[in-house]
Structure formats: structure tokens, C-alpha cells
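J.: Provided below: coords.cif, containing mmCIF, N, CA and C atoms.
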data_input
loop_
_atom_site.label_atom_id
_atom_site.label_comp_id
_atom_site.auth_asym_id
_atom_site.auth_seq_id
_atom_site.Cartn_x
_atom_site.Cartn_y
_atom_site.Cartn_z
N MET A 5 172.91 -228.96 8.26
CA MET A 5 173.72 -228.99 7.06
C MET A 5 172.97 -228.44 5.85
N ALA A 6 171.67 -228.70 5.78
CA ALA A 6 170.89 -228.22 4.64
C ALA A 6 170.85 -226.70 4.59
N LEU A 7 170.75 -226.05 5.76
CA LEU A 7 170.74 -224.60 5.80
C LEU A 7 172.05 -224.03 5.28
N LEU A 8 173.15 -224.66 5.65
CA LEU A 8 174.47 -224.21 5.19
C LEU A 8 174.57 -224.34 3.67
N GLU A 9 174.06 -225.41 3.13
CA GLU A 9 174.09 -225.62 1.67
C GLU A 9 173.23 -224.57 0.96
N VAL A 10 172.08 -224.25 1.53
CA VAL A 10 171.21 -223.23 0.93
C VAL A 10 171.90 -221.87 0.97
N LEU A 11 172.49 -221.52 2.10
CA LEU A 11 173.19 -220.24 2.22
C LEU A 11 174.37 -220.15 1.27
N LEU A 12 175.12 -221.23 1.17
CA LEU A 12 176.26 -221.26 0.26
C LEU A 12 175.80 -221.12 -1.19
N GLY A 13 174.74 -221.81 -1.56
CA GLY A 13 174.19 -221.70 -2.91
C GLY A 13 173.69 -220.30 -3.20
N PHE A 14 173.05 -219.67 -2.20
CA PHE A 14 172.56 -218.29 -2.36
C PHE A 14 173.73 -217.34 -2.55
N LEU A 15 174.77 -217.48 -1.75
CA LEU A 15 175.94 -216.60 -1.87
C LEU A 15 176.64 -216.77 -3.21
N ILE A 16 176.78 -218.00 -3.66
CA ILE A 16 177.40 -218.25 -4.96
C ILE A 16 176.55 -217.63 -6.08
N SER A 17 175.23 -217.79 -5.99
CA SER A 17 174.37 -217.20 -7.03
C SER A 17 174.41 -215.68 -7.00
N MET A 18 174.56 -215.09 -5.80
CA MET A 18 174.68 -213.63 -5.71
C MET A 18 175.98 -213.14 -6.36
N VAL A 19 177.07 -213.86 -6.14
CA VAL A 19 178.35 -213.46 -6.75
C VAL A 19 178.28 -213.60 -8.27
N ILE A 20 177.74 -214.70 -8.75
CA ILE A 20 177.62 -214.89 -10.20
C ILE A 20 176.70 -213.84 -10.80
N SER A 21 175.57 -213.58 -10.16
CA SER A 21 174.65 -212.55 -10.64
C SER A 21 175.32 -211.18 -10.59
N GLY A 22 176.07 -210.92 -9.53
CA GLY A 22 176.78 -209.65 -9.41
C GLY A 22 177.78 -209.45 -10.54
N ILE A 23 178.50 -210.51 -10.89
CA ILE A 23 179.46 -210.43 -12.00
C ILE A 23 178.74 -210.12 -13.31
N VAL A 24 177.64 -210.81 -13.54
CA VAL A 24 176.87 -210.59 -14.78
C VAL A 24 176.33 -209.16 -14.83
N ILE A 25 175.79 -208.68 -13.72
CA ILE A 25 175.25 -207.31 -13.69
C ILE A 25 176.37 -206.29 -13.85
N TYR A 26 177.49 -206.53 -13.17
CA TYR A 26 178.64 -205.62 -13.26
C TYR A 26 179.13 -205.50 -14.71
N LEU A 27 179.31 -206.63 -15.38
CA LEU A 27 179.77 -206.62 -16.77
C LEU A 27 178.76 -205.95 -17.70
N SER A 28 177.48 -206.20 -17.47
CA SER A 28 176.44 -205.59 -18.29
C SER A 28 176.43 -204.08 -18.14
N ALA A 29 176.54 -203.62 -16.91
CA ALA A 29 176.53 -202.17 -16.66
C ALA A 29 177.79 -201.52 -17.24
N LYS A 30 178.94 -202.18 -17.09
CA LYS A 30 180.18 -201.63 -17.64
C LYS A 30 180.12 -201.55 -19.16
N LEU A 31 179.48 -202.53 -19.78
CA LEU A 31 179.34 -202.54 -21.22
C LEU A 31 178.60 -201.30 -21.73
N LEU A 32 177.70 -200.78 -20.90
CA LEU A 32 176.95 -199.58 -21.28
C LEU A 32 177.53 -198.31 -20.66
N GLY A 33 178.77 -198.41 -20.13
CA GLY A 33 179.48 -197.22 -19.69
C GLY A 33 179.21 -196.76 -18.27
N GLU A 34 178.57 -197.58 -17.47
CA GLU A 34 178.31 -197.17 -16.09
C GLU A 34 179.59 -197.24 -15.26
N LYS A 35 179.70 -196.35 -14.27
CA LYS A 35 180.93 -196.23 -13.48
C LYS A 35 180.85 -196.92 -12.12
N GLU A 36 179.65 -197.32 -11.70
CA GLU A 36 179.49 -197.93 -10.39
C GLU A 36 180.29 -199.22 -10.29
N GLY A 37 180.63 -199.60 -9.07
CA GLY A 37 181.48 -200.76 -8.85
C GLY A 37 180.71 -202.05 -8.63
N PHE A 38 181.46 -203.06 -8.20
CA PHE A 38 180.91 -204.39 -8.00
C PHE A 38 179.89 -204.41 -6.86
N GLY A 39 180.09 -203.56 -5.85
CA GLY A 39 179.14 -203.50 -4.73
C GLY A 39 177.74 -203.12 -5.19
N THR A 40 177.65 -202.20 -6.12
CA THR A 40 176.35 -201.81 -6.67
C THR A 40 175.72 -202.97 -7.42
N ALA A 41 176.54 -203.73 -8.13
CA ALA A 41 176.02 -204.90 -8.86
C ALA A 41 175.49 -205.95 -7.89
N ILE A 42 176.20 -206.18 -6.79
CA ILE A 42 175.73 -207.14 -5.79
C ILE A 42 174.42 -206.65 -5.18
N LEU A 43 174.34 -205.35 -4.90
CA LEU A 43 173.11 -204.77 -4.36
C LEU A 43 171.96 -204.91 -5.36
N ALA A 44 172.25 -204.75 -6.64
CA ALA A 44 171.23 -204.93 -7.67
C ALA A 44 170.76 -206.38 -7.73
N ALA A 45 171.70 -207.31 -7.58
CA ALA A 45 171.34 -208.73 -7.58
C ALA A 45 170.48 -209.07 -6.37
N LEU A 46 170.87 -208.56 -5.21
CA LEU A 46 170.11 -208.81 -3.98
C LEU A 46 168.73 -208.19 -4.06
N SER A 47 168.66 -206.95 -4.56
CA SER A 47 167.35 -206.30 -4.68
C SER A 47 166.46 -207.06 -5.67
N GLY A 48 167.05 -207.56 -6.75
CA GLY A 48 166.27 -208.35 -7.70
C GLY A 48 165.72 -209.62 -7.08
N ALA A 49 166.54 -210.30 -6.28
CA ALA A 49 166.08 -211.52 -5.62
C ALA A 49 164.93 -211.23 -4.66
N ILE A 50 165.06 -210.14 -3.91
CA ILE A 50 164.01 -209.77 -2.96
C ILE A 50 162.74 -209.35 -3.69
N ILE A 51 162.90 -208.52 -4.73
CA ILE A 51 161.74 -208.05 -5.49
C ILE A 51 160.98 -209.22 -6.11
N PHE A 52 161.69 -210.15 -6.74
CA PHE A 52 161.01 -211.27 -7.38
C PHE A 52 160.41 -212.23 -6.36
N ALA A 53 161.03 -212.36 -5.20
CA ALA A 53 160.45 -213.19 -4.14
C ALA A 53 159.14 -212.59 -3.65
N ILE A 54 159.12 -211.29 -3.45
CA ILE A 54 157.89 -210.62 -3.01
C ILE A 54 156.81 -210.70 -4.08
N ALA A 55 157.19 -210.43 -5.33
CA ALA A 55 156.21 -210.50 -6.42
C ALA A 55 155.65 -211.91 -6.56
N SER A 56 156.49 -212.92 -6.41
CA SER A 56 156.05 -214.31 -6.53
C SER A 56 155.19 -214.74 -5.35
N TYR A 57 155.40 -214.11 -4.21
CA TYR A 57 154.59 -214.44 -3.03
C TYR A 57 153.15 -213.96 -3.21
N PHE A 58 152.99 -212.77 -3.80
CA PHE A 58 151.66 -212.18 -3.92
C PHE A 58 150.95 -212.53 -5.22
N THR A 59 151.70 -212.88 -6.27
CA THR A 59 151.08 -213.24 -7.55
C THR A 59 151.80 -214.47 -8.10
N VAL A 60 151.36 -214.94 -9.25
CA VAL A 60 151.97 -216.14 -9.84
C VAL A 60 152.24 -215.93 -11.33
N GLY A 61 153.12 -216.78 -11.86
CA GLY A 61 153.36 -216.85 -13.30
C GLY A 61 153.84 -215.56 -13.93
N TRP A 62 153.28 -215.27 -15.09
CA TRP A 62 153.75 -214.12 -15.87
C TRP A 62 153.41 -212.81 -15.18
N VAL A 63 152.36 -212.79 -14.35
CA VAL A 63 152.02 -211.56 -13.63
C VAL A 63 153.13 -211.22 -12.64
N ALA A 64 153.61 -212.24 -11.93
CA ALA A 64 154.72 -212.03 -10.99
C ALA A 64 155.97 -211.58 -11.73
N ALA A 65 156.23 -212.21 -12.88
CA ALA A 65 157.41 -211.84 -13.67
C ALA A 65 157.29 -210.40 -14.18
N LEU A 66 156.11 -210.00 -14.62
CA LEU A 66 155.90 -208.65 -15.13
C LEU A 66 156.05 -207.61 -14.01
N ILE A 67 155.39 -207.84 -12.90
CA ILE A 67 155.47 -206.91 -11.77
C ILE A 67 156.89 -206.86 -11.22
N GLY A 68 157.50 -208.04 -11.05
CA GLY A 68 158.87 -208.09 -10.57
C GLY A 68 159.85 -207.43 -11.53
N GLY A 69 159.64 -207.64 -12.82
CA GLY A 69 160.51 -207.04 -13.83
C GLY A 69 160.44 -205.53 -13.84
N ILE A 70 159.23 -204.99 -13.76
CA ILE A 70 159.07 -203.53 -13.73
C ILE A 70 159.70 -202.96 -12.45
N ALA A 71 159.44 -203.61 -11.33
CA ALA A 71 160.01 -203.14 -10.07
C ALA A 71 161.54 -203.21 -10.11
N TRP A 72 162.08 -204.26 -10.73
CA TRP A 72 163.54 -204.38 -10.79
C TRP A 72 164.14 -203.33 -11.73
N LEU A 73 163.43 -202.98 -12.81
CA LEU A 73 163.89 -201.89 -13.67
C LEU A 73 163.96 -200.57 -12.90
N ILE A 74 162.97 -200.35 -12.05
CA ILE A 74 162.98 -199.16 -11.20
C ILE A 74 164.18 -199.21 -10.26
N ALA A 75 164.44 -200.38 -9.67
CA ALA A 75 165.58 -200.52 -8.76
C ALA A 75 166.90 -200.31 -9.50
N LEU A 76 167.03 -200.88 -10.70
CA LEU A 76 168.25 -200.68 -11.49
C LEU A 76 168.45 -199.20 -11.80
N GLY A 77 167.38 -198.54 -12.22
CA GLY A 77 167.46 -197.12 -12.52
C GLY A 77 167.88 -196.30 -11.31
N SER A 78 167.37 -196.68 -10.16
CA SER A 78 167.71 -195.96 -8.94
C SER A 78 169.16 -196.24 -8.51
N LEU A 79 169.57 -197.49 -8.55
CA LEU A 79 170.94 -197.85 -8.13
C LEU A 79 172.00 -197.26 -9.05
N TYR A 80 171.73 -197.29 -10.34
CA TYR A 80 172.72 -196.82 -11.31
C TYR A 80 172.44 -195.39 -11.79
N LYS A 81 171.37 -194.78 -11.28
CA LYS A 81 171.00 -193.41 -11.66
C LYS A 81 170.88 -193.26 -13.18
N ILE A 82 170.07 -194.16 -13.75
CA ILE A 82 169.83 -194.16 -15.20
C ILE A 82 168.33 -194.18 -15.46
N GLY A 83 167.94 -193.90 -16.68
CA GLY A 83 166.54 -193.87 -17.05
C GLY A 83 165.99 -195.24 -17.41
N TRP A 84 164.71 -195.24 -17.78
CA TRP A 84 164.01 -196.48 -18.12
C TRP A 84 164.65 -197.22 -19.29
N LEU A 85 164.97 -196.49 -20.34
CA LEU A 85 165.50 -197.13 -21.55
C LEU A 85 166.85 -197.78 -21.28
N LYS A 86 167.72 -197.09 -20.57
CA LYS A 86 169.02 -197.66 -20.27
C LYS A 86 168.89 -198.81 -19.27
N SER A 87 167.95 -198.69 -18.32
CA SER A 87 167.69 -199.80 -17.40
C SER A 87 167.25 -201.04 -18.16
N PHE A 88 166.39 -200.83 -19.14
CA PHE A 88 165.92 -201.94 -19.96
C PHE A 88 167.07 -202.54 -20.77
N ALA A 89 167.93 -201.70 -21.32
CA ALA A 89 169.08 -202.19 -22.08
C ALA A 89 170.01 -203.00 -21.19
N VAL A 90 170.27 -202.50 -19.98
CA VAL A 90 171.10 -203.25 -19.03
C VAL A 90 170.45 -204.59 -18.72
N ALA A 91 169.13 -204.58 -18.50
CA ALA A 91 168.42 -205.82 -18.18
C ALA A 91 168.50 -206.83 -19.33
N VAL A 92 168.40 -206.36 -20.56
CA VAL A 92 168.49 -207.27 -21.72
C VAL A 92 169.89 -207.87 -21.81
N ILE A 93 170.91 -207.05 -21.61
CA ILE A 93 172.28 -207.57 -21.64
C ILE A 93 172.50 -208.55 -20.51
N ILE A 94 171.96 -208.25 -19.33
CA ILE A 94 172.05 -209.18 -18.19
C ILE A 94 171.40 -210.50 -18.55
N TRP A 95 170.24 -210.44 -19.19
CA TRP A 95 169.53 -211.65 -19.57
C TRP A 95 170.37 -212.49 -20.54
N VAL A 96 171.02 -211.85 -21.51
CA VAL A 96 171.86 -212.57 -22.47
C VAL A 96 173.06 -213.21 -21.75
N PHE A 97 173.75 -212.42 -20.91
CA PHE A 97 174.89 -212.96 -20.15
C PHE A 97 174.45 -214.11 -19.23
N ALA A 98 173.30 -213.95 -18.58
CA ALA A 98 172.80 -214.99 -17.68
C ALA A 98 172.46 -216.26 -18.45
N ALA A 99 171.91 -216.11 -19.64
CA ALA A 99 171.60 -217.29 -20.46
C ALA A 99 172.88 -218.03 -20.85
N ILE A 100 173.89 -217.27 -21.22
CA ILE A 100 175.18 -217.89 -21.56
C ILE A 100 175.79 -218.57 -20.33
N ALA A 101 175.75 -217.88 -19.20
CA ALA A 101 176.31 -218.44 -17.96
C ALA A 101 175.58 -219.70 -17.55
N SER A 102 174.27 -219.73 -17.73
CA SER A 102 173.51 -220.92 -17.34
C SER A 102 173.81 -222.11 -18.24
N LEU A 103 174.27 -221.85 -19.45
CA LEU A 103 174.66 -222.94 -20.34
C LEU A 103 176.06 -223.45 -20.00
N VAL A 104 176.94 -222.54 -19.57
CA VAL A 104 178.34 -222.88 -19.34
C VAL A 104 178.60 -223.40 -17.93
N LEU A 105 178.08 -222.71 -16.93
CA LEU A 105 178.42 -223.04 -15.55
C LEU A 105 178.03 -224.46 -15.09
N PRO A 106 176.86 -224.97 -15.43
CA PRO A 106 176.54 -226.32 -14.96
C PRO A 106 177.48 -227.39 -15.53
N THR A 107 178.14 -227.10 -16.64
CA THR A 107 179.00 -228.11 -17.25
C THR A 107 180.46 -228.00 -16.84
N LEU A 108 180.82 -226.99 -16.04
CA LEU A 108 182.22 -226.82 -15.65
C LEU A 108 182.74 -227.96 -14.80
N ALA A 109 181.88 -228.53 -13.95
CA ALA A 109 182.32 -229.60 -13.06
C ALA A 109 182.38 -230.94 -13.78
N GLY A 110 181.92 -231.01 -14.97
CA GLY A 110 181.94 -232.27 -15.71
C GLY A 110 180.68 -233.08 -15.46
N PRO A 111 180.68 -234.32 -15.90
CA PRO A 111 179.45 -235.13 -15.82
C PRO A 111 179.21 -235.77 -14.45
N PHE A 112 179.88 -235.34 -13.43
CA PHE A 112 179.75 -235.99 -12.11
C PHE A 112 178.48 -235.65 -11.42
#
Would you mind giving the structure from this file in C-alpha cells?

T.:
Amino acid sequence: MALLEVLLGFLISMVISGIVIYLSAKLLGEKEGFGTAILAALSGAIIFAIASYFTVGWVAALIGGIAWLIALGSLYKIGWLKSFAVAVIIWVFAAIASLVLPTLAGPF
């Protein structure tokens, strides 16, 4: 049962991350669809897992962040500056989502 809960939680987080990435990219005029956003979310999860495995703390975040900017640029065929802008917008949307989503179910 625990494995099923972990998989379900991972899938839900991928969909939420995909929505956030999709909206962020659309805000900056990108034409790619939701599938690209899901792929970006999955690549980000894998990149940060690998970076965290080999390093710790801010070093892992820095290495993972740079690698994810490269992945975003490759997936969306955009440059460094636009990748960074998309990442900043994603961060803002994710911060808002993290404030709103845990409270949707109420105090239970």
C-alpha cells in the first residue's frame, strides 16, 4: 500500500508541476503543449535527484538548477535568459500553489 501511495503522490505532483510549467511557458509565448511541460517536470525531478545524490545543500541546488535550465532550454528551444525567466515564473507559481493547495482539503 505504501508504494501505491508514493506513486500516486508522485503522479499528482507531476501533474501539478506540469500545469505550473505549462502556464509559465505560455505566459512567455511558448507554443509547446502540456506534454512538454510534463517532460520538463519529470526531467527536473530526475536532475535534482541525481544532483542531490552526488552533492548536498546549496551545491546540489545550484548544479541541479543549472542543469534544469539547460533542460528547459532544450525542451522549449529557448536561450538561457528566457529559460531563467520561465524558471522564475515557475518558482512564483509554485510558491502560490504551495500556499493554496495544502489548504484545499480543509483542516482535516

J.: Please identify all polymer residues within 9 Å of segment 62-79 of chain A, counting only C-alpha atoms, omitting same-chain residues fewer than 6 positions from it, and present them as a list in words.

T.: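 The neighbour list is Glu36, Thr40, Ala41, Leu43, Ala44, Ser47, Gly48, Ile51, Phe52, Ala53, Ile54, Ala55, Ser56, Lys86, Ser87, Phe88, Val90 and Ala91 of chain A.
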
J.: In Å, how far is it from atom CA of Val10 of chain A to atom C of Ile50 of chain A?

T.: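 If I compute the distance from atom CA of Val10 of chain A to atom C of Ile50 of chain A, I get 16.9 Å.
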
J.: Apply DSSP to the structure's backbone, then extract all residues of chain A labelled helix (DSSP H, G or I) and return them as a ChimeraX atom specification.

T.: /A:6-31,38-58,61-80,84-107

J.: For Ala29 of chain A, which of A:Ser102, A:Phe58, A:Leu7, A:Ile42 is the closest residue, counting only C-alpha atoms?

T.: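 That would be A:Ile42, the residue with the smallest distance to Ala29 of chain A.
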
J.: Tell me, in Å to one decimal, how far atom C of Leu105 of chain A is from atom N of Glu34 of chain A.

T.: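 Separation of atom C of Leu105 of chain A and atom N of Glu34 of chain A: 27.0 Å.
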
J.: Rounded to one decimal in Å, what is the spacing between atom N of Gly37 of chain A and atom C of Ser21 of chain A?

T.: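 Interatomic distance, atom N of Gly37 of chain A to atom C of Ser21 of chain A: 12.8 Å.
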
J.: Quick one: of A:Leu46, A:Val24, A:Tyr57, A:Leu15, who's nearest to Ile93 of chain A, counting all atoms listed in the file?

T.: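 Using all atoms listed in the file, the shortest distance to Ile93 of chain A belongs to A:Val24.
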